Every structure is written in structure tokens, then in C-alpha cells.
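One file, target_0.tsv, carrying TSV, C-alpha atoms (C1' of nucleotides):
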chain	number	residue	atom	x	y	z
A	1	MET	CA	0.00	0.00	0.00
A	2	SER	CA	1.07	3.53	-0.84
A	3	THR	CA	2.11	6.12	1.74
A	4	GLU	CA	0.36	8.72	-0.45
A	5	PRO	CA	-3.37	8.52	0.19
A	6	THR	CA	-5.27	8.42	-3.09
A	7	ASN	CA	-6.98	11.72	-3.74
A	8	PRO	CA	-10.69	10.97	-3.24
A	9	ASN	CA	-11.80	13.46	-5.91
A	10	PRO	CA	-9.14	14.77	-8.25
A	11	ASP	CA	-11.65	16.76	-10.34
A	12	ARG	CA	-12.85	18.68	-7.36
A	13	ALA	CA	-9.28	19.34	-6.28
A	14	ARG	CA	-8.43	20.63	-9.73
A	15	PHE	CA	-11.47	22.88	-9.76
A	16	ARG	CA	-10.56	24.27	-6.35
A	17	ALA	CA	-7.00	24.94	-7.45
A	18	VAL	CA	-8.11	26.81	-10.57
A	19	ARG	CA	-10.77	28.78	-8.73
A	20	ASP	CA	-8.29	29.76	-6.03
A	21	GLU	CA	-5.82	30.90	-8.62
A	22	PHE	CA	-8.52	32.92	-10.33
A	23	VAL	CA	-9.48	34.61	-7.05
A	24	THR	CA	-5.88	35.36	-6.17
A	25	GLN	CA	-4.97	36.72	-9.58
A	26	TRP	CA	-8.13	38.77	-9.84
A	27	GLY	CA	-7.03	40.40	-6.60
A	28	THR	CA	-3.67	41.25	-8.13
A	29	LEU	CA	-5.30	42.71	-11.21
A	30	GLY	CA	-7.63	44.71	-9.01
A	31	SER	CA	-4.75	46.41	-7.24
A	32	ALA	CA	-3.41	47.64	-10.58
A	33	TRP	CA	-6.73	49.49	-10.95
A	34	GLY	CA	-6.65	51.04	-7.51
A	35	ILE	CA	-8.90	48.45	-5.92
A	36	ASN	CA	-8.01	46.86	-2.63
A	37	ARG	CA	-6.70	43.35	-3.24
A	38	THR	CA	-8.97	41.64	-0.70
A	39	MET	CA	-12.02	43.48	-1.96
A	40	ALA	CA	-11.31	42.26	-5.48
A	41	GLN	CA	-10.79	38.73	-4.18
A	42	ILE	CA	-14.08	38.66	-2.31
A	43	HIS	CA	-15.79	39.98	-5.41
A	44	ALA	CA	-14.14	37.32	-7.57
A	45	LEU	CA	-15.10	34.60	-5.11
A	46	LEU	CA	-18.74	35.63	-5.05
A	47	MET	CA	-18.88	36.14	-8.81
A	48	VAL	CA	-18.03	32.50	-9.46
A	49	SER	CA	-19.93	31.04	-6.53
A	50	THR	CA	-23.24	29.32	-7.26
A	51	VAL	CA	-24.44	29.89	-3.70
A	52	SER	CA	-24.43	32.90	-1.44
A	53	LEU	CA	-21.71	32.89	1.21
A	54	SER	CA	-21.63	34.04	4.82
A	55	THR	CA	-18.89	36.22	6.30
A	56	ASP	CA	-17.47	33.14	8.01
A	57	GLU	CA	-17.32	31.21	4.78
A	58	ILE	CA	-15.55	34.09	3.05
A	59	MET	CA	-13.09	34.35	5.95
A	60	GLU	CA	-12.42	30.64	5.66
A	61	GLU	CA	-12.03	30.60	1.87
A	62	LEU	CA	-9.66	33.55	1.75
A	63	GLN	CA	-8.03	32.97	5.13
A	64	ILE	CA	-8.67	36.48	6.34
A	65	SER	CA	-9.84	38.00	9.60
A	66	ARG	CA	-13.39	38.92	10.47
A	67	GLY	CA	-12.67	42.63	10.52
A	68	ASN	CA	-11.05	42.50	7.11
A	69	ALA	CA	-13.85	40.44	5.60
A	70	HIS	CA	-16.48	42.65	7.16
A	71	GLY	CA	-15.02	45.93	5.99
A	72	ASN	CA	-14.45	44.81	2.43
A	73	ILE	CA	-17.90	43.24	2.21
A	74	ARG	CA	-19.40	46.58	3.27
A	75	ASP	CA	-17.29	48.38	0.69
A	76	LEU	CA	-18.48	46.02	-2.04
A	77	ILE	CA	-22.06	46.65	-0.99
A	78	GLY	CA	-21.28	50.37	-1.11
A	79	TRP	CA	-20.10	49.94	-4.68
A	80	GLY	CA	-23.28	48.01	-5.45
A	81	LEU	CA	-21.33	44.99	-6.63
A	82	ILE	CA	-22.69	42.52	-4.08
A	83	ARG	CA	-25.80	42.38	-1.94
A	84	SER	CA	-26.77	40.69	1.27
A	85	VAL	CA	-29.46	38.05	1.15
A	86	VAL	CA	-31.42	36.49	3.98
A	87	LYS	CA	-31.69	32.73	4.11
A	88	LYS	CA	-34.81	31.52	5.86
A	89	GLY	CA	-34.04	29.79	9.12
A	90	GLU	CA	-30.55	31.37	9.15
A	91	ARG	CA	-29.76	34.25	11.42
A	92	LYS	CA	-26.59	35.38	9.73
A	93	GLU	CA	-26.16	37.39	6.57
A	94	PHE	CA	-25.22	35.81	3.28
A	95	PHE	CA	-23.80	37.60	0.28
A	96	GLU	CA	-24.07	37.19	-3.44
A	97	ALA	CA	-22.56	39.07	-6.35
A	98	GLU	CA	-24.22	40.41	-9.45
A	99	LYS	CA	-23.29	37.92	-12.16
A	100	ASP	CA	-24.27	39.87	-15.28
A	101	VAL	CA	-21.04	41.29	-16.70
A	102	TRP	CA	-22.75	44.22	-18.35
A	103	LYS	CA	-24.39	45.22	-15.08
A	104	ILE	CA	-21.10	44.83	-13.24
A	105	PHE	CA	-19.45	47.05	-15.82
A	106	CYS	CA	-22.15	49.72	-15.58
A	107	THR	CA	-22.00	49.72	-11.80
A	108	ILE	CA	-18.24	50.21	-11.82
A	109	VAL	CA	-18.54	52.96	-14.42
A	110	ARG	CA	-21.17	54.79	-12.40
A	111	GLU	CA	-19.19	54.59	-9.19
A	112	ARG	CA	-15.92	55.65	-10.79
A	113	LYS	CA	-17.70	58.56	-12.43
A	114	ARG	CA	-19.04	59.63	-9.07
A	115	ARG	CA	-15.92	59.01	-7.02
A	116	GLU	CA	-13.12	59.99	-9.37
A	117	ILE	CA	-14.24	61.61	-12.61
A	118	ARG	CA	-16.51	64.19	-10.99
A	119	PRO	CA	-13.83	65.33	-8.51
A	120	ALA	CA	-11.41	65.70	-11.42
A	121	ILE	CA	-13.89	67.96	-13.21
A	122	VAL	CA	-14.43	70.00	-10.06
A	123	LEU	CA	-10.68	70.41	-9.67
A	124	LEU	CA	-10.16	71.45	-13.29
A	125	ARG	CA	-13.05	73.90	-13.29
A	126	ASP	CA	-11.74	75.44	-10.10
A	127	CYS	CA	-8.24	75.79	-11.56
A	128	ILE	CA	-9.68	77.43	-14.66
A	129	ASP	CA	-11.85	79.83	-12.66
A	130	ARG	CA	-8.93	80.94	-10.55
A	131	THR	CA	-6.50	81.60	-13.40
A	132	GLU	CA	-8.66	82.72	-16.31
A	133	ASP	CA	-8.10	86.41	-15.63
A	134	LEU	CA	-4.31	86.18	-15.46
A	135	ASP	CA	-2.28	87.30	-18.44
A	136	ASP	CA	1.17	85.99	-17.66
A	137	THR	CA	2.29	83.64	-20.45
A	138	GLU	CA	2.70	80.68	-18.09
A	139	ALA	CA	-0.71	81.25	-16.55
A	140	VAL	CA	-2.39	81.54	-19.94
A	141	ALA	CA	-0.85	78.26	-21.05
A	142	PHE	CA	-1.90	76.64	-17.80
A	143	THR	CA	-5.50	77.75	-18.12
A	144	SER	CA	-5.61	76.67	-21.72
A	145	GLN	CA	-4.28	73.19	-20.94
A	146	ALA	CA	-6.67	72.88	-17.99
A	147	LYS	CA	-9.54	73.76	-20.32
A	148	VAL	CA	-8.55	71.13	-22.82
A	149	LEU	CA	-8.23	68.53	-20.09
A	150	CYS	CA	-11.53	69.58	-18.59
A	151	GLU	CA	-13.38	69.32	-21.88
A	152	PHE	CA	-11.96	65.89	-22.44
A	153	VAL	CA	-12.85	64.60	-19.00
A	154	GLU	CA	-16.33	66.09	-19.27
A	155	MET	CA	-16.81	64.37	-22.58
A	156	ALA	CA	-15.61	61.06	-21.17
A	157	ASP	CA	-18.00	61.60	-18.29
A	158	SER	CA	-21.00	62.01	-20.55
A	159	VAL	CA	-20.05	59.19	-22.88
A	160	LEU	CA	-19.65	56.82	-19.95
A	161	GLY	CA	-22.90	58.11	-18.50
A	162	LYS	CA	-24.69	57.41	-21.76
A	163	ILE	CA	-23.23	53.94	-22.06
A	164	SER	CA	-23.97	52.94	-18.49
A	165	LYS	CA	-27.56	54.02	-18.88
A	166	SER	CA	-28.07	52.08	-22.09
A	167	GLU	CA	-29.30	48.57	-22.49
A	168	GLN	CA	-26.65	45.99	-23.17
A	169	SER	CA	-28.77	44.71	-26.02
A	170	LYS	CA	-28.59	48.11	-27.69
A	171	VAL	CA	-24.97	49.07	-27.11
A	172	LEU	CA	-23.13	45.81	-27.56
A	173	PRO	CA	-24.26	44.76	-31.04
A	174	TRP	CA	-23.74	48.28	-32.13
A	175	LEU	CA	-20.21	48.38	-30.74
A	176	LEU	CA	-19.43	45.07	-32.34
A	177	LYS	CA	-20.65	46.32	-35.70
A	178	TRP	CA	-18.65	49.50	-35.39
A	179	MET	CA	-15.56	47.55	-34.41
A	180	THR	CA	-15.03	45.68	-37.68
B	1	MET	CA	5.18	101.25	7.30
B	2	SER	CA	3.88	97.66	7.34
B	3	THR	CA	5.79	94.74	8.81
B	4	GLU	CA	4.35	92.60	6.01
B	5	PRO	CA	6.40	93.14	2.88
B	6	THR	CA	4.15	93.86	-0.09
B	7	ASN	CA	3.95	90.86	-2.40
B	8	PRO	CA	5.96	91.87	-5.48
B	9	ASN	CA	3.74	89.91	-7.87
B	10	PRO	CA	0.40	88.72	-6.57
B	11	ASP	CA	-0.69	87.33	-9.96
B	12	ARG	CA	2.32	85.11	-10.20
B	13	ALA	CA	1.83	83.95	-6.62
B	14	ARG	CA	-1.80	83.09	-7.34
B	15	PHE	CA	-0.83	81.19	-10.47
B	16	ARG	CA	1.78	79.24	-8.55
B	17	ALA	CA	-0.70	78.39	-5.82
B	18	VAL	CA	-3.30	77.12	-8.28
B	19	ARG	CA	-0.77	75.19	-10.30
B	20	ASP	CA	0.62	73.57	-7.16
B	21	GLU	CA	-2.83	72.57	-6.07
B	22	PHE	CA	-3.51	71.11	-9.48
B	23	VAL	CA	-0.33	69.07	-9.38
B	24	THR	CA	-1.01	67.83	-5.85
B	25	GLN	CA	-4.62	66.91	-6.52
B	26	TRP	CA	-3.80	65.26	-9.81
B	27	GLY	CA	-1.45	63.06	-7.83
B	28	THR	CA	-4.25	62.11	-5.47
B	29	LEU	CA	-6.57	61.31	-8.36
B	30	GLY	CA	-3.83	59.24	-9.93
B	31	SER	CA	-3.54	57.01	-6.91
B	32	ALA	CA	-7.25	56.20	-7.10
B	33	TRP	CA	-6.48	54.76	-10.54
B	34	GLY	CA	-3.53	52.71	-9.37
B	35	ILE	CA	-0.91	55.22	-10.45
B	36	ASN	CA	1.93	56.21	-8.16
B	37	ARG	CA	1.20	59.63	-6.69
B	38	THR	CA	4.58	61.15	-7.54
B	39	MET	CA	4.47	59.83	-11.07
B	40	ALA	CA	1.09	61.49	-11.59
B	41	GLN	CA	2.42	64.71	-10.09
B	42	ILE	CA	5.44	64.82	-12.37
B	43	HIS	CA	3.17	64.16	-15.31
B	44	ALA	CA	0.81	66.93	-14.22
B	45	LEU	CA	3.68	69.34	-13.76
B	46	LEU	CA	5.09	68.66	-17.22
B	47	MET	CA	1.66	68.75	-18.85
B	48	VAL	CA	1.09	72.33	-17.77
B	49	SER	CA	4.66	73.52	-18.19
B	50	THR	CA	5.48	75.65	-21.22
B	51	VAL	CA	9.14	74.67	-21.05
B	52	SER	CA	10.91	71.35	-20.64
B	53	LEU	CA	12.27	70.71	-17.14
B	54	SER	CA	15.41	69.04	-15.87
B	55	THR	CA	15.47	66.42	-13.13
B	56	ASP	CA	16.76	69.05	-10.72
B	57	GLU	CA	13.93	71.42	-11.53
B	58	ILE	CA	11.37	68.67	-11.00
B	59	MET	CA	13.03	67.77	-7.69
B	60	GLU	CA	12.84	71.38	-6.65
B	61	GLU	CA	9.23	71.96	-7.72
B	62	LEU	CA	7.89	68.84	-6.04
B	63	GLN	CA	10.38	68.76	-3.18
B	64	ILE	CA	11.40	65.19	-3.82
B	65	SER	CA	14.69	63.31	-3.85
B	66	ARG	CA	16.80	62.64	-6.90
B	67	GLY	CA	16.19	58.90	-6.77
B	68	ASN	CA	12.46	59.38	-6.56
B	69	ALA	CA	12.39	61.89	-9.42
B	70	HIS	CA	14.65	59.75	-11.55
B	71	GLY	CA	12.66	56.53	-11.14
B	72	ASN	CA	9.31	58.13	-11.81
B	73	ILE	CA	10.64	60.02	-14.82
B	74	ARG	CA	11.88	56.71	-16.26
B	75	ASP	CA	8.49	55.12	-15.59
B	76	LEU	CA	6.72	57.97	-17.36
B	77	ILE	CA	9.03	57.54	-20.33
B	78	GLY	CA	8.23	53.82	-20.21
B	79	TRP	CA	4.54	54.66	-20.44
B	80	GLY	CA	5.30	56.98	-23.34
B	81	LEU	CA	3.74	59.95	-21.55
B	82	ILE	CA	6.86	62.11	-21.46
B	83	ARG	CA	10.06	62.23	-23.49
B	84	SER	CA	13.54	63.52	-22.89
B	85	VAL	CA	14.78	66.40	-24.99
B	86	VAL	CA	18.28	67.72	-25.48
B	87	LYS	CA	18.89	71.42	-25.14
B	88	LYS	CA	21.80	72.67	-27.12
B	89	GLY	CA	24.65	73.81	-24.93
B	90	GLU	CA	23.16	71.90	-21.98
B	91	ARG	CA	24.67	68.69	-20.78
B	92	LYS	CA	21.75	67.49	-18.74
B	93	GLU	CA	18.51	65.93	-19.83
B	94	PHE	CA	15.25	67.88	-19.99
B	95	PHE	CA	11.78	66.42	-20.10
B	96	GLU	CA	8.52	67.41	-21.70
B	97	ALA	CA	5.08	65.84	-21.71
B	98	GLU	CA	2.78	65.15	-24.59
B	99	LYS	CA	0.20	67.91	-24.39
B	100	ASP	CA	-2.46	66.59	-26.78
B	101	VAL	CA	-5.19	65.09	-24.59
B	102	TRP	CA	-6.31	62.62	-27.21
B	103	LYS	CA	-2.78	61.31	-27.61
B	104	ILE	CA	-2.36	61.07	-23.84
B	105	PHE	CA	-5.59	59.12	-23.66
B	106	CYS	CA	-4.56	56.72	-26.42
B	107	THR	CA	-1.16	56.15	-24.84
B	108	ILE	CA	-2.73	55.29	-21.49
B	109	VAL	CA	-5.25	53.00	-23.16
B	110	ARG	CA	-2.55	51.17	-25.08
B	111	GLU	CA	-0.38	50.69	-22.01
B	112	ARG	CA	-3.24	49.56	-19.79
B	113	LYS	CA	-4.31	47.12	-22.48
B	114	ARG	CA	-0.83	45.69	-22.58
B	115	ARG	CA	-0.14	45.68	-18.87
B	116	GLU	CA	-3.50	44.78	-17.36
B	117	ILE	CA	-6.16	43.79	-19.86
B	118	ARG	CA	-4.04	41.25	-21.72
B	119	PRO	CA	-2.96	39.49	-18.49
B	120	ALA	CA	-6.62	39.30	-17.45
B	121	ILE	CA	-7.48	37.62	-20.74
B	122	VAL	CA	-4.61	35.19	-20.34
B	123	LEU	CA	-5.78	34.34	-16.82
B	124	LEU	CA	-9.38	33.82	-17.87
B	125	ARG	CA	-8.49	31.70	-20.90
B	126	ASP	CA	-6.25	29.57	-18.72
B	127	CYS	CA	-8.99	29.09	-16.12
B	128	ILE	CA	-11.42	28.07	-18.87
B	129	ASP	CA	-8.96	25.64	-20.44
B	130	ARG	CA	-8.30	23.94	-17.14
B	131	THR	CA	-11.94	23.48	-16.10
B	132	GLU	CA	-13.83	23.01	-19.36
B	133	ASP	CA	-13.79	19.22	-19.14
B	134	LEU	CA	-15.12	19.03	-15.56
B	135	ASP	CA	-18.75	18.17	-15.02
B	136	ASP	CA	-19.29	19.03	-11.39
B	137	THR	CA	-22.04	21.65	-11.08
B	138	GLU	CA	-19.79	24.19	-9.38
B	139	ALA	CA	-17.09	23.72	-11.98
B	140	VAL	CA	-19.53	24.11	-14.85
B	141	ALA	CA	-20.84	27.34	-13.37
B	142	PHE	CA	-17.29	28.57	-12.84
B	143	THR	CA	-16.28	27.86	-16.43
B	144	SER	CA	-19.41	29.49	-17.75
B	145	GLN	CA	-18.87	32.67	-15.71
B	146	ALA	CA	-15.21	32.76	-16.72
B	147	LYS	CA	-16.27	32.53	-20.36
B	148	VAL	CA	-18.69	35.40	-20.01
B	149	LEU	CA	-16.06	37.53	-18.29
B	150	CYS	CA	-13.49	36.59	-20.88
B	151	GLU	CA	-15.73	37.53	-23.79
B	152	PHE	CA	-16.47	40.84	-22.17
B	153	VAL	CA	-12.85	41.68	-21.49
B	154	GLU	CA	-11.87	40.62	-25.00
B	155	MET	CA	-14.53	42.86	-26.44
B	156	ALA	CA	-13.39	45.77	-24.30
B	157	ASP	CA	-9.87	45.04	-25.47
B	158	SER	CA	-10.79	45.29	-29.14
B	159	VAL	CA	-12.99	48.32	-28.72
B	160	LEU	CA	-10.25	50.15	-26.88
B	161	GLY	CA	-7.75	48.99	-29.48
B	162	LYS	CA	-9.91	50.39	-32.25
B	163	ILE	CA	-10.45	53.67	-30.51
B	164	SER	CA	-6.81	54.18	-29.67
B	165	LYS	CA	-5.84	53.56	-33.26
B	166	SER	CA	-8.36	56.01	-34.64
B	167	GLU	CA	-7.87	59.64	-35.36
B	168	GLN	CA	-9.30	62.01	-32.81
B	169	SER	CA	-10.91	63.92	-35.66
B	170	LYS	CA	-12.85	60.80	-36.65
B	171	VAL	CA	-13.89	59.45	-33.28
B	172	LEU	CA	-14.73	62.56	-31.34
B	173	PRO	CA	-17.35	64.18	-33.58
B	174	TRP	CA	-18.89	60.80	-33.97
B	175	LEU	CA	-19.03	60.18	-30.24
B	176	LEU	CA	-20.52	63.59	-29.69
B	177	LYS	CA	-23.18	62.94	-32.28
B	178	TRP	CA	-24.03	59.58	-30.76
B	179	MET	CA	-24.18	61.06	-27.30
B	180	THR	CA	-27.02	63.50	-27.84
C	1	DC	C1'	43.98	58.41	-19.21
C	2	DG	C1'	41.68	61.58	-15.48
C	3	DC	C1'	38.31	65.05	-14.33
C	4	DG	C1'	33.64	66.61	-13.40
C	5	DG	C1'	28.92	66.91	-14.27
C	6	DA	C1'	25.03	63.89	-14.89
C	7	DT	C1'	22.68	59.67	-14.29
C	8	DT	C1'	21.68	55.39	-12.12
C	9	DT	C1'	21.34	52.21	-8.44
C	10	DC	C1'	19.87	50.43	-4.14
C	11	DA	C1'	20.02	49.45	0.97
C	12	DG	C1'	17.86	51.41	4.54
C	13	DA	C1'	14.25	54.66	6.26
C	14	DT	C1'	9.52	56.29	5.96
C	15	DA	C1'	4.93	56.61	4.80
C	16	DT	C1'	0.79	54.53	3.52
C	17	DT	C1'	-2.38	51.13	3.42
C	18	DA	C1'	-4.31	46.99	4.87
C	19	DC	C1'	-5.19	43.48	8.40
C	20	DT	C1'	-5.94	41.28	12.93
C	21	DG	C1'	-8.42	40.08	16.85
C	22	DA	C1'	-10.78	41.00	20.69
C	23	DA	C1'	-14.10	43.91	22.86
C	24	DA	C1'	-18.33	46.49	22.29
C	25	DA	C1'	-22.57	47.02	20.21
C	26	DT	C1'	-26.55	45.14	18.21
C	27	DA	C1'	-30.34	42.02	17.09
C	28	DC	C1'	-33.22	38.59	18.14
C	29	DA	C1'	-35.51	34.59	20.37
C	30	DA	C1'	-37.26	32.83	24.50
D	1	DT	C1'	-35.16	40.91	30.41
D	2	DT	C1'	-31.59	37.81	29.62
D	3	DG	C1'	-28.76	34.89	27.00
D	4	DT	C1'	-26.70	34.06	22.58
D	5	DA	C1'	-25.50	34.62	17.85
D	6	DT	C1'	-23.99	38.03	14.85
D	7	DT	C1'	-22.18	42.33	13.38
D	8	DT	C1'	-19.40	46.32	14.00
D	9	DT	C1'	-15.61	48.94	15.58
D	10	DC	C1'	-10.93	50.18	16.21
D	11	DA	C1'	-6.32	50.33	18.50
D	12	DG	C1'	-2.40	47.99	17.59
D	13	DT	C1'	0.32	45.39	14.19
D	14	DA	C1'	1.85	43.94	9.85
D	15	DA	C1'	2.62	44.27	5.00
D	16	DT	C1'	3.45	46.90	1.17
D	17	DA	C1'	4.69	50.72	-1.50
D	18	DT	C1'	7.32	54.60	-1.82
D	19	DC	C1'	11.19	57.65	-0.95
D	20	DT	C1'	15.86	59.18	0.44
D	21	DG	C1'	20.52	60.02	-0.13
D	22	DA	C1'	24.91	58.66	-0.81
D	23	DA	C1'	27.88	55.83	-3.51
D	24	DA	C1'	28.72	53.78	-7.93
D	25	DT	C1'	28.61	54.26	-12.67
D	26	DC	C1'	28.49	56.51	-16.93
D	27	DC	C1'	30.18	59.71	-20.42
D	28	DG	C1'	32.00	63.53	-22.98
D	29	DC	C1'	35.95	66.26	-22.96
D	30	DG	C1'	40.76	67.92	-22.71

Let me see the structure of the file written as C-alpha cells.
Amino acid sequence: MSTEPTNPNPDRARFRAVRDEFVTQWGTLGSAWGINRTMAQIHALLMVSTVSLSTDEIMEELQISRGNAHGNIRDLIGWGLIRSVVKKGERKEFFEAEKDVWKIFCTIVRERKRREIRPAIVLLRDCIDRTEDLDDTEAVAFTSQAKVLCEFVEMADSVLGKISKSEQSKVLPWLLKWMT
Amino acid sequence: MSTEPTNPNPDRARFRAVRDEFVTQWGTLGSAWGINRTMAQIHALLMVSTVSLSTDEIMEELQISRGNAHGNIRDLIGWGLIRSVVKKGERKEFFEAEKDVWKIFCTIVRERKRREIRPAIVLLRDCIDRTEDLDDTEAVAFTSQAKVLCEFVEMADSVLGKISKSEQSKVLPWLLKWMT
DNA sequence: CGCGGATTTCAGATATTACTGAAAATACAA
DNA sequence: TTGTATTTTCAGTAATATCTGAAATCCGCG
């Protein structure tokens, strides 16, 4: 007899390994986009989970503390990327992620617009307001560049707004057609 | 007579104050997008500067060390957002930023595609490959979600590729028209 | 060569961000 | 109300990312 116990379910083990790698790597990718690694991991985990998970299950899967899990779960709810669901007969909260990629995309776009694009516009407008009346060469160039940037960001803001308010069924085919 | 010396050039002082705030805030915004604060600040500084700046001038303006300035300047060159220029009669390097917003946008899109979108596609394809043959319910759901994500990211990749290869003069008016 | 200004490197210091874990607060059933 | 499961908070700790500054290297010039 072998000293190595035979793996009782190699398929399941393989699935777990791949899923874990996905969750881990998704976390890494998230940090490149300014998203907290753990938050991206929890999101990834819930996106590919068929059932809703409790805080304890998330803690166990990702080997993280309660406080960490809790905070990041709340943040994800704040972003609108996951929601809490009540299971009958269960006292604790369970969480599930939106699975529809288009909806996920629109949610992220909306939140980024609100949290980062808007503040950029406010900053640029303010810079323009406070330098428009100056006539020093440097100042004029500054104001002019700020205006160009501002117009661009404002345009991006409205385009993203339009897209995120559209139906997937209207935008996607149309994008695909335009892409050829 | 006043103890406060009269400011010799209030306009210039105001301009400096606004520009400094712009540079600082742009750095903050950058970090929300996963960009090193100092790198974003150097980029901001060069974007609104009418003249090219040396490493020493950048160090002075942002009050940072030589090593810090140097590394971030190299990174910006790596992104293609700034370039070094030689001034005749000067031994040291000077740097200037691309000022055209559309070009800046396309450069960032191209680099993000290469550095972050492509790796995501590789990850997703790999996850799909390694789970496609499994028939456990969980695994099937995982593969299916990975496929949906992958298709979406691939589509985003091509759309962004198309846009960043287009002429501003072709895309912008067209976007504006579509937006109304 | 050898000098001197400019650039590059990198080990150690610092700052920032994220995480832990236990205590406090809360919610709910009996 | 009281006991218990669950959630929330947060001070302290850890991990990571960033920065400093001095030494090493590079490079054009006489």
C-alpha cells in the first residue's frame, strides 16, 4: 500500500485549485486598478460562486480576519457589486454578487464617475476659474491646458454616463458592428 | 510702514498656488487609478509647463529626492507619456510631456491594455482551459462565468484597441453625435 | 587616461495602506 | 429581560509601496 493517500476526488481538487488561482490573480489585477486586493478577491469569489456565502465562509475561503472580511464586504455593498441576502431559518447574513457582466461594468462605471471623474472635473473647473483672468504667459498656457483637459474629462464623463444608462442589447451589437 | 512686505507679484503667486494645487490633486486622483502619486504629479507638472524641465527642476518643484524623481521620470518615459529632450549647450537631460489630450488618452489606453487587460485575458483563458472538461455543477458554473467575463474583457480590449488607433478627428465628432 | 557633471542604483528609512483580533454594540428569540 | 449569535468597531500590528541620499557608474571632454 502507498504512503500517499489516493486523492478521493481529483476533479474537485483541480477545480478548487483553478478557482483559487482565479481569485488570487483577480485580486492582483484589481490592485493595478486602484482596488483593494482583498475586496477584489471577495468579489471574484462571489462572482463564481453558485451559492451565497456568509462572512465566516468568506473568511475561511480567503483565510482572512473577520474585521477584514467585514469591511471589504461593506465596501463592495457600497459599490453596489454585491448584496446581502437572507436565508430563511438562518440568522446570519449571506452575500451574493451580481453575475451579469454588463451590469457589473455599468456599476463600476457609475461609481468611478461619481468618485473619481466628478472630482477631477471639479478640480479642473476650479483651476480654470482661478487663473482665467491672469495674463502671464505661463498662466495663460496653464489655463488653456486645464480647459482642454476639462473638456476631455467632461466628454468622457457624458459618454460613460450614456453607455452605463443604455441597455446591453442596444450598445453591444452596435459596438461590435462598429468595431469591424 | 507695514511689517508685512508687499507681495511683489500677486498674480504670479496666485498662479503658482493654483498650479501647485492642481499638481497635488492630480497626484491624489492618480492614486485612485492605481498610479503612483509622484508619477502622476510629475506628469501633471510637465503637462502644464510651457518649457521642458530638468530632473533638478522637477526635484525642486515637487520637493522630492533625486532617486524618486529619476525613477518616476523613467516610468513615465516607459509609459510613453513624457520624453527627454536635449537642449543645445546643456549637458543634462530635460523632459517634456505630450500635451495633446487625445494622444495622452490613447497612450494610457494602449499601455493599460498591454499591462493589465491582456494578463486578465490570459488568466481567464487559462482558467477556462483547465476546467472546461469538468462536469461538477460548481465547476460548470465557474467555467461558464469565466467565459462570459473573458468575452467581455476581450470585447473591451478590441474596442479600446480600435479607438486608440483612430484619429481624434474621426472618433470625437462621432461620439458627440451619438451622445445626444 | 583623469576630471567633473550627470545619471543610475539600491540598501535602509519612511509613509501609507491593509489586516488582525478582541471587545463592544446590536439584534433577536425565548 | 436575559442569553446568545452576529455584526461592528478600532487600536495595535503587519505588509506593502514609496522615498531618500549617498555611492557607484556613466560619459563627454581635454

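Between CA of Met155 (chain A) and CA of Ile128 (chain A) lies a distance of 16.9 Å.
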
Which residues are close to region 9-23 of chain D, i.e. within 10 Å by all atoms listed in the file, leaving aside same-chain residues fewer than 4 positions away? Reply as a ChimeraX atom specification.
/A:67 /B:36-38,64-69 /C:9-10,12-21,23-25

Please report as a count of residues only which residues of chain A come no farther than 6 Å from chain B, using all atoms listed in the file.
5

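Minimum atom-to-atom distance to chain C, evaluated using all atoms listed in the file, belongs to A:Arg91 out of A:Arg91, A:Ala13, A:His43, A:Glu61.
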
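Reported to one decimal place, the separation of CA of Lys92 (chain B) from CA of Ser52 (chain B) is 11.7 Å.
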
Within 10 Å of DA30 (chain C), counting all atoms listed in the file, which residues qualify if same-chain residues fewer than 2 places away don't, as a PyMOL selection string?
(chain C and resi 28) or (chain D and resi 2-3)

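Note that CA of Leu46 (chain A) and CA of Ile58 (chain A) are 8.8 Å apart.
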